[in-house]
Amino acid sequence: MKKLKLTILLFLSIFAFMGCAHYPTNAKLDNFDKDKGYRFQNLLSQENSDSLFVILAFSGGGTRAAAFSYGVLEKLRDTEIIWEGKKKRLLDEVDVISSVSGGSFTSAYYALYRDKIFADFESQFLKKDIEGALEKELFSPLNWFRLASPEFDRIDMAAEFYDEHIFNHRDFKDLQKRKPFILINATDMTLGARFEFTQDQFDLLCSDLSEFPISRAVAASSAFPVLLSPVTVKNYAGGCNFSEPGWVKNAMNDRNIATSRFAKAMQVRSYLDKNKRPFIHLMDGGIADNIGLREPTYSMFSTDSPWSVLRMINMMQVKKIVVIVVNAKTEPNITLDQKESAPSLKDTLMTVANAPMDNYSFETIELLKKSVEQWQKDEDARKSCETEMKKSCPQATLAGGHLYEVDFYPIVIGFDAIQDPDERSFFKNLPTSFTLPSDTVDKLRNIAGRLLEESTIFQELKGHLK
Amino acid sequence: MEYVIVKYLMSRTVLVDGEKAGFTNKIFRMDEGTYTFELYGAKDYKPLSQTLEIKGTNSVSPKEVTFEKA
């Protein structure tokens, strides 16, 4: 009887302990210092020139997106270029990778391990049944009690799994101190806006990103609504001598003249009052931007971004900008329209989650293309004006001299570009999950390389880098 | 895209909202909005800063911001 009581007591103790499970809290930042932490300007360039600025944007889409973006890395590894007299791989010129959800597994793994990704990413992630393993964890009685804690949810369990089995307990301080700069994008649930795992973002919370597990950032980036719970980070704002970026104060005057700039400034300031927002809840980056292209676009066309490419252009540091958008978007589910009965709750939820993401992704790509077109038109307009002026007055020059010119190479690869209808249909009907058959992963890798090779802009770029 | 020329008697780096963002006497690009312009380095110019609304410019008619030797 005594033994039974002891056993019950022991079990109760274990359950009580597990019921107190808590997600790993992000660390407080003692002193704000722009020269420290994971920021673009703190990374070394080494062999990577600024003059050829390459940005990759990896979309969401589970293992499908991860494999598709991995195929692009393989293709860039195999693409030899000559830039400023040096022979190198195009991959070694990548400056920034901005990623969302499934694409964040690839970008984070590459940021940690660089070329080792080509040796073991397939076995560590792409060809693993991650979804099955997560289900096992979820149905393990040990985790039931931990999940009973209000401070430990399904996403925390998933992050633990990624930490143990994919990212080997690495934190942001373990990322290599050289380019490319990795932007792992999540969505701030309250603002519905992008939240990126960079020290610039964590400064707003007076939190130290260097101690933050890579796995939790990736988990937040891929916390698909409803299926996974959001990741929570603590806001310590106000205690680290943080001074807000200079543009924010000015942008607060821009309500009527530059609405989006004003809105961005409001978002920045929303983090600075820890009493109003003591906790920030982060979910799938796809909600705010499912192709990871918003921040790169902002950086190319605004001087406000912490890693503004526009400022670098104005400082005449950049000559060519290559943007490769890797979009693993699939087809809308048309089978719904073949039945009279109302779609299931699951189908409805998937539509609610996916349709706005897809529409917004389309708009984002259009915004990039239109901005590049306008940029080129502006250059042409100034050149025409100079030419006309010189006809009547050959010695005259426009005030401000020549407009510094930059070559843009916006490349978008997606399954829509596949010519063969059956092949296109195969890829466009792949599920969004964290498990895919091994041969499907290989097909995704191969099609990514092929689509990039078939891109006329990519061919043009290669021609200019010989 | 908006266009600006910051005029000064010699070539200096221009600070926009505290960040290096161009050179004096060279046209450069910005997004629309309100910005504070300064020159990087010695404070031997006047006015020391100018906060201006940048909107409605184009590559042929940029906004001109002028600083003088103090």
# chains A, B, ... in the order shown; residues from 1 in each chain; ligands from 1
>>> residues_around(residues="B:Thr51", least_positions_apart="2", cutoff="8 Å", atoms="only C-alpha atoms", output="PDB file with C-alpha atoms, in the first residue's frame")
ATOM      1  CA  THR B  34       9.937  63.603 -44.481  1.00  0.00           C
ATOM      2  CA  TYR B  35      13.711  63.418 -44.025  1.00  0.00           C
ATOM      3  CA  THR B  36      16.460  65.197 -42.151  1.00  0.00           C
ATOM      4  CA  PHE B  37      19.521  66.068 -44.249  1.00  0.00           C
ATOM      5  CA  SER B  49      20.413  70.142 -40.617  1.00  0.00           C
ATOM      6  CA  GLU B  53       9.191  66.838 -47.176  1.00  0.00           C
TER       7      GLU B  53
END
>>> residues_around(residues="stretch 143-159 of chain A", least_positions_apart="5", cutoff="10 Å", atoms="only C-alpha atoms", output="ChimeraX atom specification")
/A:14-24,130-131,133-138,164-167,213-220,222-224,227-232,283
>>> write_last_selection(atoms="N, CA and C atoms", output="short mmCIF file (atom, residue, chain, number, x, y, z; two decimals), in the first residue's frame")
data_model
loop_
_atom_site.label_atom_id
_atom_site.label_comp_id
_atom_site.auth_asym_id
_atom_site.auth_seq_id
_atom_site.Cartn_x
_atom_site.Cartn_y
_atom_site.Cartn_z
N ILE A 14 5.73 14.15 -11.11
CA ILE A 14 6.19 14.27 -12.51
C ILE A 14 5.20 15.09 -13.33
N PHE A 15 3.89 14.77 -13.13
CA PHE A 15 2.87 15.46 -13.90
C PHE A 15 2.82 16.95 -13.54
N ALA A 16 2.96 17.20 -12.23
CA ALA A 16 2.94 18.61 -11.79
C ALA A 16 4.12 19.36 -12.40
N PHE A 17 5.28 18.68 -12.41
CA PHE A 17 6.49 19.29 -12.98
C PHE A 17 6.28 19.57 -14.46
N MET A 18 5.71 18.56 -15.13
CA MET A 18 5.52 18.73 -16.57
C MET A 18 4.46 19.78 -16.87
N GLY A 19 3.45 19.87 -15.99
CA GLY A 19 2.41 20.88 -16.16
C GLY A 19 2.97 22.28 -16.04
N CYS A 20 4.17 22.40 -15.47
CA CYS A 20 4.82 23.71 -15.34
C CYS A 20 5.74 23.99 -16.52
N ALA A 21 5.66 23.16 -17.56
CA ALA A 21 6.56 23.35 -18.70
C ALA A 21 6.41 24.76 -19.25
N HIS A 22 7.52 25.33 -19.67
CA HIS A 22 7.52 26.72 -20.15
C HIS A 22 8.38 26.79 -21.41
N TYR A 23 7.94 27.59 -22.36
CA TYR A 23 8.77 27.78 -23.56
C TYR A 23 10.06 28.50 -23.17
N PRO A 24 11.16 28.31 -23.92
CA PRO A 24 12.40 29.01 -23.59
C PRO A 24 12.25 30.52 -23.82
N ILE A 130 9.10 14.46 -41.21
CA ILE A 130 9.03 15.41 -40.09
C ILE A 130 7.60 15.44 -39.51
N GLU A 131 6.64 15.39 -40.42
CA GLU A 131 5.25 15.46 -39.97
C GLU A 131 4.89 14.25 -39.09
N ALA A 133 6.99 12.45 -37.38
CA ALA A 133 7.74 12.55 -36.13
C ALA A 133 7.06 13.54 -35.18
N LEU A 134 6.54 14.63 -35.74
CA LEU A 134 5.85 15.61 -34.88
C LEU A 134 4.55 15.03 -34.31
N GLU A 135 3.87 14.24 -35.14
CA GLU A 135 2.66 13.58 -34.64
C GLU A 135 2.97 12.64 -33.50
N LYS A 136 4.08 11.90 -33.64
CA LYS A 136 4.49 10.98 -32.57
C LYS A 136 4.72 11.73 -31.27
N GLU A 137 5.40 12.88 -31.42
CA GLU A 137 5.67 13.71 -30.23
C GLU A 137 4.35 14.16 -29.60
N LEU A 138 3.43 14.56 -30.48
CA LEU A 138 2.15 15.09 -30.00
C LEU A 138 1.36 14.03 -29.25
N GLU A 164 16.56 19.63 -31.73
CA GLU A 164 17.25 18.36 -31.46
C GLU A 164 17.66 17.66 -32.76
N HIS A 165 16.76 17.65 -33.72
CA HIS A 165 16.97 16.78 -34.89
C HIS A 165 17.42 17.48 -36.16
N ILE A 166 17.30 18.80 -36.23
CA ILE A 166 17.69 19.49 -37.47
C ILE A 166 18.78 20.54 -37.22
N PHE A 167 18.58 21.38 -36.22
CA PHE A 167 19.49 22.52 -36.05
C PHE A 167 20.52 22.32 -34.92
N PRO A 213 17.31 30.37 -30.03
CA PRO A 213 17.53 29.18 -30.88
C PRO A 213 17.05 29.40 -32.32
N ILE A 214 17.87 28.96 -33.26
CA ILE A 214 17.48 29.03 -34.68
C ILE A 214 16.16 28.28 -34.87
N SER A 215 16.06 27.15 -34.17
CA SER A 215 14.87 26.29 -34.34
C SER A 215 13.58 27.05 -34.00
N ARG A 216 13.63 27.91 -32.98
CA ARG A 216 12.41 28.66 -32.59
C ARG A 216 12.05 29.71 -33.64
N ALA A 217 13.08 30.31 -34.24
CA ALA A 217 12.81 31.29 -35.30
C ALA A 217 12.15 30.59 -36.49
N VAL A 218 12.70 29.43 -36.84
CA VAL A 218 12.15 28.69 -37.98
C VAL A 218 10.74 28.19 -37.64
N ALA A 219 10.56 27.77 -36.38
CA ALA A 219 9.23 27.30 -35.95
C ALA A 219 8.22 28.44 -36.05
N ALA A 220 8.62 29.64 -35.63
CA ALA A 220 7.71 30.79 -35.71
C ALA A 220 7.38 31.07 -37.17
N SER A 222 7.21 29.14 -39.55
CA SER A 222 6.40 28.10 -40.19
C SER A 222 5.22 27.65 -39.31
N ALA A 223 4.82 28.52 -38.37
CA ALA A 223 3.71 28.15 -37.47
C ALA A 223 2.39 28.38 -38.19
N PHE A 224 2.03 27.43 -39.03
CA PHE A 224 0.83 27.57 -39.86
C PHE A 224 -0.40 27.75 -38.97
N LEU A 227 -3.12 24.91 -37.22
CA LEU A 227 -2.41 23.65 -37.04
C LEU A 227 -1.37 23.78 -35.94
N LEU A 228 -0.66 24.90 -35.95
CA LEU A 228 0.37 25.13 -34.92
C LEU A 228 0.06 26.44 -34.19
N SER A 229 0.40 26.45 -32.94
CA SER A 229 0.16 27.65 -32.13
C SER A 229 1.28 28.67 -32.39
N PRO A 230 1.07 29.93 -32.05
CA PRO A 230 2.14 30.93 -32.26
C PRO A 230 3.30 30.76 -31.29
N VAL A 231 4.44 31.31 -31.67
CA VAL A 231 5.62 31.38 -30.79
C VAL A 231 5.52 32.70 -30.02
N THR A 232 5.83 32.65 -28.72
CA THR A 232 5.74 33.86 -27.91
C THR A 232 7.14 34.37 -27.55
N MET A 283 3.44 34.15 -35.62
CA MET A 283 2.98 32.99 -36.37
C MET A 283 3.58 32.99 -37.79
#
>>> interface_residues(of="chain A", to="chain B", cutoff="7 Å", atoms="only C-alpha atoms", output="ChimeraX atom specification")
/A:246-247,250-251,253-254,257-258,301-303,311,314-315,378,382,400-401,403
>>> select_by_dssp(residues="stretch 232-403 of chain A", states="strand (DSSP E)", output="count of residues only")
17
>>> atom_distance(atom1="atom CA of A:Asp78", atom2="atom CA of A:Glu93")
12.7 Å
>>> residues_around(residues="B:Glu68", least_positions_apart="6", cutoff="12 Å", atoms="only C-alpha atoms", output="PyMOL selection string")
chain B and resi 6-10+24+38-39+43-49
>>> write_last_selection(atoms="N, CA and C atoms", output="PDB file, in the first residue's frame")
ATOM      1  N   VAL B   6      21.746  67.330 -53.022  1.00  0.00           N
ATOM      2  CA  VAL B   6      22.181  68.143 -51.887  1.00  0.00           C
ATOM      3  C   VAL B   6      23.382  68.956 -52.372  1.00  0.00           C
ATOM      4  N   LYS B   7      23.220  70.278 -52.379  1.00  0.00           N
ATOM      5  CA  LYS B   7      24.275  71.137 -52.946  1.00  0.00           C
ATOM      6  C   LYS B   7      25.192  71.657 -51.846  1.00  0.00           C
ATOM      7  N   TYR B   8      26.474  71.582 -52.129  1.00  0.00           N
ATOM      8  CA  TYR B   8      27.486  72.126 -51.216  1.00  0.00           C
ATOM      9  C   TYR B   8      28.712  72.459 -52.054  1.00  0.00           C
ATOM     10  N   LEU B   9      29.596  73.287 -51.537  1.00  0.00           N
ATOM     11  CA  LEU B   9      30.704  73.740 -52.386  1.00  0.00           C
ATOM     12  C   LEU B   9      31.742  72.661 -52.683  1.00  0.00           C
ATOM     13  N   MET B  10      31.716  71.598 -51.929  1.00  0.00           N
ATOM     14  CA  MET B  10      32.648  70.496 -52.236  1.00  0.00           C
ATOM     15  C   MET B  10      31.942  69.149 -52.042  1.00  0.00           C
ATOM     16  N   THR B  24      27.124  64.871 -51.881  1.00  0.00           N
ATOM     17  CA  THR B  24      26.700  66.215 -52.295  1.00  0.00           C
ATOM     18  C   THR B  24      26.943  66.380 -53.800  1.00  0.00           C
ATOM     19  N   GLU B  38      21.800  66.130 -43.424  1.00  0.00           N
ATOM     20  CA  GLU B  38      22.989  66.703 -42.782  1.00  0.00           C
ATOM     21  C   GLU B  38      24.190  66.308 -43.627  1.00  0.00           C
ATOM     22  N   LEU B  39      25.333  66.890 -43.321  1.00  0.00           N
ATOM     23  CA  LEU B  39      26.577  66.449 -43.974  1.00  0.00           C
ATOM     24  C   LEU B  39      27.402  65.683 -42.961  1.00  0.00           C
ATOM     25  N   LYS B  43      31.350  69.863 -38.703  1.00  0.00           N
ATOM     26  CA  LYS B  43      30.120  70.676 -38.690  1.00  0.00           C
ATOM     27  C   LYS B  43      30.467  72.121 -39.104  1.00  0.00           C
ATOM     28  N   ASP B  44      31.105  72.250 -40.264  1.00  0.00           N
ATOM     29  CA  ASP B  44      31.554  73.557 -40.737  1.00  0.00           C
ATOM     30  C   ASP B  44      30.647  74.086 -41.849  1.00  0.00           C
ATOM     31  N   TYR B  45      29.384  73.777 -41.745  1.00  0.00           N
ATOM     32  CA  TYR B  45      28.427  74.201 -42.775  1.00  0.00           C
ATOM     33  C   TYR B  45      27.147  74.688 -42.086  1.00  0.00           C
ATOM     34  N   LYS B  46      26.327  75.375 -42.834  1.00  0.00           N
ATOM     35  CA  LYS B  46      25.055  75.831 -42.265  1.00  0.00           C
ATOM     36  C   LYS B  46      23.927  75.734 -43.307  1.00  0.00           C
ATOM     37  N   PRO B  47      22.703  75.549 -42.905  1.00  0.00           N
ATOM     38  CA  PRO B  47      22.306  75.157 -41.551  1.00  0.00           C
ATOM     39  C   PRO B  47      22.812  73.741 -41.224  1.00  0.00           C
ATOM     40  N   LEU B  48      22.892  73.426 -39.958  1.00  0.00           N
ATOM     41  CA  LEU B  48      23.462  72.127 -39.574  1.00  0.00           C
ATOM     42  C   LEU B  48      22.586  70.950 -39.989  1.00  0.00           C
ATOM     43  N   SER B  49      21.296  71.192 -40.087  1.00  0.00           N
ATOM     44  CA  SER B  49      20.413  70.142 -40.617  1.00  0.00           C
ATOM     45  C   SER B  49      19.174  70.784 -41.227  1.00  0.00           C
TER      46      SER B  49
END
>>> select_by_dssp(residues="stretch 305-422 of chain A", states="alpha helix (DSSP H)", output="ChimeraX atom specification")
/A:309-314,345-392,421-422
>>> atom_distance(atom1="atom CA of A:Pro245", atom2="atom CA of A:Ala27")
21.9 Å
>>> atom_distance(atom1="atom CA of A:Tyr236", atom2="atom CA of A:Glu295")
24.5 Å
